[in-house]
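Participant: Sharing a structure, written as structure tokens. Questions coming.
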Amino acid sequence: MSSLYLHIPFCEHKCIYCDFYSVAPNGSADAYSALVQRFLDSLKKEVDVRSGDERFQVPYETIFFGGGTPSLLALSEIKEILNLLSTRFQVLSGAEITLETNPGTVDIEKLRQFKAAGVNRISMGIQSFHDDDLKFLSRIHSAEQAKECVRNAYQAGFDNVSFDLIFALPSQTRERWRSNLEQAMELAPKHISTYSLIVEPNTPLHRMVESKQVMPLSAEADAELYEFTIDFLASHGYEQYEVSNFAQPGYKSRHNGNYWNHSNYLGFGPSAHSFWERQRWWNVANVVEYSTRLEQHVLPVAGDERLNVDQLRNEELFLGLRSEGVDIAGFRKRYDTDLFATHRQTIEHLLNERLAVLHDDRFKLTAKGYPLCDEICASFLI
Ligand code: SF4
């Protein structure tokens with residue numbers, strides 16, 4: 001099944017660690033509103049142009065508003081985008097519609113309105129339940145606001161709520177991270193995505209590390225917290241179905257699942273990526289250039305690539321190892337490659353060490369294997 005992604009490139013403020021493309025107000029409020037409007041008009045043009053291509057007239061089972069901070073958009077704007085998508089594409093009834101939500105940007109009324117507009121999954125950027133962590137990360141909300149936002153989401157009728165949490169903050173101890181997870185459990189999210197803090201190039205955090213103002217956690221401590229997280233969440237009923245993602249039964253993200261099982265997806269908005277059959281393309285990561293191109297009736301594509309069979313096969317293998325495993329028979333059929341013949345020793349070693357299991361002809365990493373996913377993928381390079 002296929003998916004639609006919308007990149008909403010606006011944030012109230014740029015967090016020090018973030019390298020996703022987005023812009024924050026930096027001048028007059030009127031100029032910023034005009035930019036948002038210009039972007040929205042351009043987004044509609046992009047949807048119109050892409051929907052005119054017959055290849056893309058297939059059923060879609062998920063829509064994901066990411067960013068940036070899509071929850072900054074007004075209800076009318078979200079509604080307009082959803083209406084446009086359902087008139088231009090075959091959006092299935094029962095489609096998973098996710099809105100990334102920053103707890104500092106919505107109240108219960110806005111959440112109720114999003115729900116009424118058709119959003120049925122909230123992915124909440126909480127990151128930490130400690131105010132000093134949030135301050136360090138330069139988030140715009142407090143821990144209490146985040147909790148209040150979760151309670152509001154439940155009251156607004158959302159059942160499918162996911163939390164984003166960040167671990168491996170400088171000098172973070174296991175006890176402190178445990179307290180974060182325990183506070184998350186009190187709020188009973190259906191899904192948790194948790195990532196270690198990465199020092200991305202060209203971010204304020206990177207400059208803070210370079211100038212020794214901040215000392216990152218060691219790789220060993222980071223790995224220890226990750227392994228602790230896997231055990232903790234498993235003991236609280238969350239199934240790990242990807243390196244960084246955990247869900248209660250029935251609540252895996254269908255949208256992300258489509259990325260990981262190599263399904264087709266169309267991305268709209270600056271910096272959005274698309275994948276269709278063997279072709280991948282990505283948009284310019286600049287909202288002004290994005291809008292200018294569309295105003296000139298030119299697609300805002302910055303680059304593309306067509307994967308050859310070897311690239312496709314390796315990607316499918318690595319995506320499978322990162323997530324729900326590799327379907328051995330399907331892999332053999334699609335690529336004429338018998339993994340047991342090409343990688344017998346590696347596979348036997350992983351099975352013997354309980355780093356992977358073979359179940360229903362699916363070869364899948366275990367909780368012990370996920371932390372070594374990168375090394376394991378490297379050992380499979382064909
Ligand atoms: S709110 Fe999200 S997208 Fe925006 S700067 Fe912070 S982490 Fe990045």
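Going through the structure tokens in order, the chains are called A, B, and so on, while each chain numbers its residues from 1 and the ligands are numbered from 1 in the order shown.
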Collect all residues with atoms no farther than 9 Å from ligand 1, counting only C-alpha atoms and all ligand atoms, and output them as a list in words.

Facilitator: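 Residues lying within 9 Å of ligand 1: Pro9, Phe10, Cys11, Glu12, His13, Lys14, Cys15, Ile16, Tyr17, Cys18, Asp19, Phe20, Tyr21, Ser22, Val23, Ala24, Gly66, Gly67, Gly68, Thr69, Glu100, Thr101, Asn102, Gly125, Leu137, Ser138, Arg139 and Ile140 of chain A.
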
Participant: Using N, CA and C atoms, can you export the residues from the last selection as a tab-separated table (two decimals), in the first residue's frame?

Facilitator:
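again-v3.tsv, freshly written:
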chain	number	residue	atom	x	y	z
A	9	PRO	N	7.16	23.17	6.76
A	9	PRO	CA	8.51	23.62	7.13
A	9	PRO	C	8.55	24.82	8.06
A	10	PHE	N	7.70	24.85	9.07
A	10	PHE	CA	7.70	26.00	9.97
A	10	PHE	C	7.78	25.54	11.42
A	11	CYS	N	8.56	26.26	12.22
A	11	CYS	CA	8.64	25.99	13.66
A	11	CYS	C	8.59	27.33	14.38
A	12	GLU	N	8.09	27.29	15.61
A	12	GLU	CA	8.05	28.53	16.38
A	12	GLU	C	9.47	28.98	16.70
A	13	HIS	N	10.36	27.97	16.85
A	13	HIS	CA	11.73	28.26	17.27
A	13	HIS	C	12.56	27.05	16.84
A	14	LYS	N	13.82	27.24	16.47
A	14	LYS	CA	14.65	26.10	16.07
A	14	LYS	C	15.32	25.48	17.30
A	15	CYS	N	15.11	24.19	17.52
A	15	CYS	CA	15.75	23.50	18.66
A	15	CYS	C	17.25	23.30	18.34
A	16	ILE	N	18.07	23.31	19.37
A	16	ILE	CA	19.53	23.34	19.12
A	16	ILE	C	20.08	22.11	18.42
A	17	TYR	N	19.36	21.00	18.49
A	17	TYR	CA	19.90	19.74	17.96
A	17	TYR	C	19.33	19.39	16.59
A	18	CYS	N	18.36	20.18	16.11
A	18	CYS	CA	17.54	19.73	14.98
A	18	CYS	C	18.18	20.05	13.62
A	19	ASP	N	18.21	19.05	12.75
A	19	ASP	CA	18.68	19.33	11.38
A	19	ASP	C	17.60	19.05	10.34
A	20	PHE	N	16.34	18.93	10.79
A	20	PHE	CA	15.25	18.84	9.81
A	20	PHE	C	15.07	20.22	9.20
A	21	TYR	N	14.62	20.25	7.95
A	21	TYR	CA	14.46	21.57	7.34
A	21	TYR	C	13.20	22.25	7.87
A	22	SER	N	13.39	23.42	8.47
A	22	SER	CA	12.25	24.25	8.87
A	22	SER	C	12.76	25.66	9.14
A	23	VAL	N	11.86	26.63	9.07
A	23	VAL	CA	12.24	28.00	9.37
A	23	VAL	C	11.38	28.53	10.51
A	24	ALA	N	11.99	29.40	11.31
A	24	ALA	CA	11.27	30.02	12.43
A	24	ALA	C	11.14	31.50	12.11
A	66	GLY	N	4.39	15.90	8.67
A	66	GLY	CA	5.62	15.99	9.44
A	66	GLY	C	6.26	17.35	9.26
A	67	GLY	N	7.42	17.51	9.85
A	67	GLY	CA	8.04	18.83	9.68
A	67	GLY	C	9.39	18.91	10.34
A	68	GLY	N	9.66	20.14	10.81
A	68	GLY	CA	8.76	21.24	11.06
A	68	GLY	C	7.71	20.92	12.14
A	69	THR	N	6.78	21.83	12.23
A	69	THR	CA	5.73	21.70	13.25
A	69	THR	C	4.36	21.86	12.58
A	100	GLU	N	2.22	15.31	13.38
A	100	GLU	CA	3.26	15.57	14.37
A	100	GLU	C	2.84	16.82	15.15
A	101	THR	N	2.90	16.72	16.46
A	101	THR	CA	2.36	17.78	17.30
A	101	THR	C	3.38	18.20	18.34
A	102	ASN	N	3.63	19.49	18.39
A	102	ASN	CA	4.50	20.02	19.44
A	102	ASN	C	3.61	20.46	20.59
A	125	GLY	N	5.92	15.35	20.05
A	125	GLY	CA	7.34	15.59	20.30
A	125	GLY	C	7.55	16.02	21.74
A	137	LEU	N	17.59	21.36	25.56
A	137	LEU	CA	17.27	21.06	24.15
A	137	LEU	C	16.61	22.25	23.44
A	138	SER	N	16.32	23.29	24.22
A	138	SER	CA	15.66	24.53	23.76
A	138	SER	C	14.28	24.26	23.17
A	139	ARG	N	13.57	23.34	23.82
A	139	ARG	CA	12.19	23.09	23.42
A	139	ARG	C	11.31	24.26	23.89
A	140	ILE	N	10.15	24.44	23.25
A	140	ILE	CA	9.32	25.60	23.61
A	140	ILE	C	8.31	25.29	24.71

Participant: Counting only C-alpha atoms, what are the residues of segment 170-239 of chain A within 10 Å of segment 349-373 of chain A, and for each of them which pair of atoms is the nearest and at what distance in Å, to one decimal? Sort the table by chain and rising number, as a tab-separated table.

Facilitator:
residue	atom	partner	partner_atom	distance
A:Ala223	CA	A:Pro371	CA	7.3
A:Glu224	CA	A:Pro371	CA	9.5
A:Tyr226	CA	A:Pro371	CA	7.4
A:Glu227	CA	A:Pro371	CA	7.0
A:Ile230	CA	A:Ala367	CA	6.7
A:Asp231	CA	A:Ala367	CA	7.9
A:Ala234	CA	A:Ala367	CA	9.0
A:Glu239	CA	A:Ala367	CA	9.7

Participant: Quick one: everything within 10 Å of Ala329 of chain A, counting only C-alpha atoms, minus sequence neighbours fewer than 5 positions away in the same chain. Send it as a PyMOL selection string.

Facilitator: chain A and resi 334+336-339+361-362

Participant: Save the residues we just selected, N, CA and C atoms, as a tab-separated table (two decimals), in the first residue's frame?

Facilitator:
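Listed below is the output, part-v6.tsv:
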chain	number	residue	atom	x	y	z
A	334	ARG	N	12.30	-12.27	-5.51
A	334	ARG	CA	12.49	-10.93	-6.11
A	334	ARG	C	13.90	-10.74	-6.66
A	336	ASP	N	16.43	-13.34	-6.86
A	336	ASP	CA	17.14	-14.56	-7.23
A	336	ASP	C	18.36	-14.74	-6.31
A	337	THR	N	18.16	-14.44	-5.04
A	337	THR	CA	19.28	-14.53	-4.09
A	337	THR	C	18.81	-15.34	-2.88
A	338	ASP	N	19.51	-16.44	-2.63
A	338	ASP	CA	19.20	-17.23	-1.45
A	338	ASP	C	20.14	-16.81	-0.33
A	339	LEU	N	19.61	-16.06	0.62
A	339	LEU	CA	20.47	-15.51	1.69
A	339	LEU	C	21.20	-16.62	2.44
A	361	ASP	N	9.73	-18.33	8.14
A	361	ASP	CA	10.55	-17.97	6.99
A	361	ASP	C	10.92	-16.48	6.97
A	362	ARG	N	10.85	-15.84	8.14
A	362	ARG	CA	11.25	-14.43	8.24
A	362	ARG	C	12.47	-14.36	9.15

Participant: Between segment 87-149 of chain A and segment 172-178 of chain A, at 10 Å or less, what are the per-residue closest atom pairs and their distances in Å? Count only C-alpha atoms, order by chain and rising residue number, and return it as JSON lines.

Facilitator:
{"residue": "A:Ser128", "atom": "CA", "partner": "A:Trp177", "partner_atom": "CA", "distance": 8.8}
{"residue": "A:Phe129", "atom": "CA", "partner": "A:Trp177", "partner_atom": "CA", "distance": 9.4}
{"residue": "A:His130", "atom": "CA", "partner": "A:Arg176", "partner_atom": "CA", "distance": 8.8}
{"residue": "A:Asp133", "atom": "CA", "partner": "A:Gln172", "partner_atom": "CA", "distance": 9.4}

Participant: From segment 185-309 of chain A, collect each residue whose DSSP state is strand (DSSP E) and return the set as JSON, numbers by chain.

Facilitator: {"A": [191, 192, 193, 194, 195, 196, 239, 240, 241, 242, 245, 246, 247, 265, 266, 267, 268, 273, 274, 275, 276, 279, 280, 281, 282, 283, 301, 302, 303, 304, 305, 306]}

Participant: I'd like the interatomic distance between atom CA of Ala219 of chain A and atom CA of Leu197 of chain A, to a tenth of an Å.

Facilitator: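 Pair atom CA of Ala219 of chain A / atom CA of Leu197 of chain A returns 11.1 Å.
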
Participant: For a quick check of understanding, using only C-alpha atoms, which of A:Phe136, A:Val161, A:Thr203, A:Ile166 has the smallest distance to Ala247 of chain A?

Facilitator: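 Under the stated criterion, the closest residue is A:Val161.
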
Participant: Provide the atom CA of Leu319 of chain A to atom CA of Trp260 of chain A distance in Å, to one decimal place.

Facilitator: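 Distance reported for this atom pair: 5.3 Å.
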
Participant: Looking at only C-alpha atoms, which of A:Leu205, A:Pro103, A:Glu148, A:Phe163 is the one that sits closest to Pro70 of chain A?

Facilitator: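 Result for the nearest residue to Pro70 of chain A: A:Pro103.
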
Participant: State, in Å with one decimal place, the distance from atom CA of Ser42 of chain A to atom CA of Ile8 of chain A.

Facilitator: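 If I compute the distance from atom CA of Ser42 of chain A to atom CA of Ile8 of chain A, I get 11.7 Å.
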
Participant: Of the candidates A:Val284, A:Val309, A:Cys149, A:Leu40, which one gets nearest to Ile122 of chain A if we count only C-alpha atoms?

Facilitator: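 Counting only C-alpha atoms, the residue closest to Ile122 of chain A is A:Cys149.
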
Participant: Go through segment 7-243 of chain A and collect every residue that DSSP, computed from the backbone, puts in alpha helix (DSSP H); the answer should be as a VMD selection string.

Facilitator: chain A and resid 29 to 51 75 to 88 108 to 117 131 to 136 143 to 155 174 to 186 204 to 210 219 to 235

Participant: Pick out the residues sitting within 10 Å of Phe268 of chain A, and hand them over as a tab-separated table (two decimals) with N, CA and C atoms, in the first residue's frame; count only C-alpha atoms, and ignore anything fewer than 3 positions along from it in its own chain.

Facilitator:
chain	number	residue	atom	x	y	z
A	4	LEU	N	1.28	9.00	1.68
A	4	LEU	CA	1.49	10.41	1.33
A	4	LEU	C	2.14	11.11	2.52
A	5	TYR	N	3.16	11.92	2.24
A	5	TYR	CA	3.84	12.66	3.30
A	5	TYR	C	3.81	14.15	2.96
A	6	LEU	N	3.54	14.98	3.97
A	6	LEU	CA	3.56	16.44	3.77
A	6	LEU	C	4.55	17.05	4.73
A	7	HIS	N	5.51	17.76	4.20
A	7	HIS	CA	6.51	18.40	5.07
A	7	HIS	C	6.10	19.86	5.29
A	8	ILE	N	5.75	20.18	6.53
A	8	ILE	CA	5.32	21.54	6.86
A	8	ILE	C	6.54	22.24	7.49
A	42	SER	N	1.64	26.90	-2.78
A	42	SER	CA	2.57	26.10	-3.59
A	42	SER	C	2.37	24.61	-3.35
A	43	LEU	N	2.11	24.28	-2.10
A	43	LEU	CA	1.86	22.87	-1.76
A	43	LEU	C	0.67	22.34	-2.57
A	44	LYS	N	-0.37	23.16	-2.67
A	44	LYS	CA	-1.55	22.74	-3.44
A	44	LYS	C	-1.18	22.54	-4.91
A	46	GLU	N	1.73	21.66	-6.02
A	46	GLU	CA	2.52	20.43	-6.15
A	46	GLU	C	1.59	19.20	-6.13
A	47	VAL	N	0.62	19.22	-5.22
A	47	VAL	CA	-0.34	18.11	-5.15
A	47	VAL	C	-1.09	17.99	-6.48
A	50	ARG	N	1.30	16.49	-9.26
A	50	ARG	CA	1.61	15.07	-9.06
A	50	ARG	C	0.38	14.19	-9.27
A	65	PHE	N	1.56	14.16	8.35
A	65	PHE	CA	1.99	15.57	8.39
A	65	PHE	C	3.23	15.62	9.28
A	271	SER	N	12.14	19.76	0.98
A	271	SER	CA	12.99	18.69	1.55
A	271	SER	C	12.30	17.32	1.59
A	272	ALA	N	11.04	17.24	1.17
A	272	ALA	CA	10.33	15.95	1.24
A	272	ALA	C	10.92	14.97	0.22
A	273	HIS	N	11.01	13.71	0.63
A	273	HIS	CA	11.50	12.64	-0.25
A	273	HIS	C	10.33	11.80	-0.75
A	274	SER	N	10.49	11.25	-1.94
A	274	SER	CA	9.49	10.34	-2.50
A	274	SER	C	10.21	9.08	-2.98
A	282	TRP	N	13.90	13.93	-4.33
A	282	TRP	CA	13.76	14.76	-3.14
A	282	TRP	C	13.66	16.21	-3.56
A	283	ASN	N	12.87	16.97	-2.78
A	283	ASN	CA	12.60	18.36	-3.11
A	283	ASN	C	13.67	19.29	-2.55
A	300	PRO	N	9.57	21.14	-7.84
A	300	PRO	CA	10.68	21.60	-6.99
A	300	PRO	C	11.68	20.50	-6.65
